[in-house]
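Undergrad: Structure in structure tokens, see below.
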Amino acid sequence: MHSQENNYAFIDSQNLNLGIQKLGWRLDYRKFRIYLAEKYGVKKAYIFIGFVALNQSLYDHLQEAGFILKFKPTIPDADGKIKGNIDADLVLRAALELHEYDKAVIVSSDGDFYSLVQHLYENNKLKVVLSPDEENCSNLLKQTAKEKIWFMNELRGKLEYKRKSTA
């Protein structure tokens, strides 16, 4: 259905991961990459993620699943929690590549992306905003994306990671 489209996904990894965790399940990234391609015609899927050397196996897994990783250096915040704020990097990549894709899929619930979403929407370049969790999605993002926002709450059956049985 969407095979002729050349859409790109721009994914806020931390927001996606925490949003799905709040719903009580784990995302299968291979299934998610296939879903993005089949449902939204996504040819390139960028994941914006803070770099932590100990997470190399996760990065390998994401790349094997078909994602393009864009790393941000991380620093500890005042409480010692690792922070890798990727917002500006995601917005910049979406803007720099604007003429290379037909439409953008933004994966986040973060209201910080409302200006990007508004620009894409007004220029007919927004395919959809996929929010990991409807309850924790910014109202600003909901208002800006209008009818082009969908929530991942209902996708558990399709996209949940299930550990393979060893029996």
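Chain labels run A, B, ... following the order of the structure tokens; each chain numbers its residues from 1, and ligands are numbered from 1 in the order shown.
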Residues within 12 Å of Ala88 in chain A, please, as number ranges by chain. Count only C-alpha atoms; anything in the same chain fewer than 3 positions from it doesn't count.
TA: A: 10, 12, 48-49, 70, 72, 84-85, 91-96, 112-113, 115-116
Undergrad: Using DSSP on the backbone coordinates, identify all residues within chain A classified as strand (DSSP E or B); present the result as a ChimeraX atom specification.
TA: /A:7-12,27,42-51,68-73,75-76,82-83,104-107,126-131,149-151,160
Undergrad: With C-alpha atoms kept, could you save the residues just selected as a compact mmCIF listing (two decimals), in the first residue's frame?
TA:
```
# COMPACT_ATOMS: atom_id res chain seq x y z
CA ASN A 7 8.85 8.49 4.13
CA TYR A 8 11.37 8.92 6.95
CA ALA A 9 10.85 8.25 10.65
CA PHE A 10 12.47 10.42 13.32
CA ILE A 11 12.36 8.60 16.66
CA ASP A 12 12.97 10.01 20.13
CA LEU A 27 8.70 -2.96 22.32
CA VAL A 42 9.09 4.44 5.99
CA LYS A 43 12.27 3.86 4.00
CA LYS A 44 14.69 5.38 6.55
CA ALA A 45 14.11 5.22 10.29
CA TYR A 46 16.39 7.36 12.43
CA ILE A 47 16.65 6.66 16.15
CA PHE A 48 18.10 9.51 18.19
CA ILE A 49 19.76 8.09 21.27
CA GLY A 50 22.27 9.04 23.95
CA PHE A 51 25.52 7.10 23.66
CA ILE A 68 19.87 4.31 11.56
CA LEU A 69 21.30 5.40 14.90
CA LYS A 70 22.14 9.04 15.57
CA PHE A 71 24.11 9.31 18.79
CA LYS A 72 24.27 12.17 21.23
CA PRO A 73 27.00 12.34 23.89
CA ILE A 75 26.30 13.60 30.62
CA PRO A 76 25.05 12.99 34.15
CA ILE A 82 22.51 9.96 32.41
CA LYS A 83 21.08 12.58 30.02
CA ALA A 104 7.87 12.45 8.11
CA VAL A 105 6.80 10.11 10.88
CA ILE A 106 7.67 11.63 14.27
CA VAL A 107 7.79 9.18 17.18
CA LEU A 126 3.73 15.20 8.11
CA LYS A 127 2.59 11.62 7.70
CA VAL A 128 1.88 11.00 11.38
CA VAL A 129 3.01 11.60 14.93
CA LEU A 130 3.20 8.27 16.76
CA SER A 131 2.93 8.93 20.48
CA ILE A 149 -1.53 11.80 15.74
CA TRP A 150 -1.85 8.14 16.67
CA PHE A 151 -1.12 6.44 19.94
CA GLU A 160 5.24 -6.41 22.02
```
Undergrad: Quick one: everything within 10 Å of Arg156 in chain A, counting only C-alpha atoms, minus sequence neighbours fewer than 4 positions away in the same chain. Send it as a PyMOL selection string.
TA: chain A and resi 20+23-28+152+160-161
Undergrad: Would you mind exporting N, CA and C atoms of the selected residues as a PDB file, in the first residue's frame?
TA:
```
ATOM      1  N   ILE A  20       6.518   3.358  26.378  1.00  0.00           N
ATOM      2  CA  ILE A  20       6.067   1.966  26.279  1.00  0.00           C
ATOM      3  C   ILE A  20       6.199   1.274  27.644  1.00  0.00           C
ATOM      4  N   LEU A  23       3.363   1.801  29.860  1.00  0.00           N
ATOM      5  CA  LEU A  23       2.197   1.002  29.483  1.00  0.00           C
ATOM      6  C   LEU A  23       2.329  -0.448  29.966  1.00  0.00           C
ATOM      7  N   GLY A  24       3.514  -0.806  30.457  1.00  0.00           N
ATOM      8  CA  GLY A  24       3.705  -2.130  31.039  1.00  0.00           C
ATOM      9  C   GLY A  24       4.158  -3.215  30.071  1.00  0.00           C
ATOM     10  N   TRP A  25       4.755  -2.822  28.953  1.00  0.00           N
ATOM     11  CA  TRP A  25       5.263  -3.833  28.030  1.00  0.00           C
ATOM     12  C   TRP A  25       6.558  -3.366  27.377  1.00  0.00           C
ATOM     13  N   ARG A  26       7.215  -4.275  26.650  1.00  0.00           N
ATOM     14  CA  ARG A  26       8.471  -3.968  25.965  1.00  0.00           C
ATOM     15  C   ARG A  26       8.254  -4.018  24.464  1.00  0.00           C
ATOM     16  N   LEU A  27       8.836  -3.065  23.766  1.00  0.00           N
ATOM     17  CA  LEU A  27       8.699  -2.964  22.317  1.00  0.00           C
ATOM     18  C   LEU A  27       9.668  -3.922  21.621  1.00  0.00           C
ATOM     19  N   ASP A  28       9.164  -4.643  20.625  1.00  0.00           N
ATOM     20  CA  ASP A  28      10.005  -5.456  19.758  1.00  0.00           C
ATOM     21  C   ASP A  28      10.426  -4.550  18.595  1.00  0.00           C
ATOM     22  N   MET A 152       0.318   4.608  20.511  1.00  0.00           N
ATOM     23  CA  MET A 152       0.798   3.233  20.477  1.00  0.00           C
ATOM     24  C   MET A 152       0.159   2.352  21.548  1.00  0.00           C
ATOM     25  N   GLU A 160       4.617  -6.052  20.749  1.00  0.00           N
ATOM     26  CA  GLU A 160       5.240  -6.413  22.023  1.00  0.00           C
ATOM     27  C   GLU A 160       6.354  -7.429  21.818  1.00  0.00           C
ATOM     28  N   TYR A 161       7.452  -7.217  22.534  1.00  0.00           N
ATOM     29  CA  TYR A 161       8.547  -8.178  22.535  1.00  0.00           C
ATOM     30  C   TYR A 161       8.144  -9.372  23.378  1.00  0.00           C
TER      31      TYR A 161
END
```
Undergrad: Could you write out, as a ChimeraX atom specification, all the residues of chain A that DSSP marks as helix (DSSP H, G or I)?
TA: /A:13-22,29-40,53-64,87-96,111-122,134-136,139-148,152-159
Undergrad: Tell me which of A:Lys31, A:Asn124, A:Asn15, A:Ala65 sits closest to Ser138 in chain A, counting only C-alpha atoms.
TA: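 The shortest atom-to-atom distance to Ser138 in chain A comes from A:Asn15.
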Undergrad: Restricting the calculation to only C-alpha atoms, which member of A:Asn123, A:Gln118, A:Gln63, A:Gln21 is positioned closest to Asn136 in chain A?
TA: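 The answer is A:Gln21, which sits nearest to Asn136 in chain A.
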Undergrad: Just give me the gap between CA of Cys137 in chain A and CA of Tyr35 in chain A in Å, one decimal is fine.
TA: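 CA of Tyr35 in chain A lies at a distance of 21.0 Å from CA of Cys137 in chain A.
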Undergrad: Counting only C-alpha atoms, which residue out of A:Leu159, A:Lys125, A:Glu154, A:Tyr114 sits closest to Leu98 in chain A?
TA: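 When distances to Leu98 in chain A are compared using only C-alpha atoms, the smallest one comes from A:Lys125.
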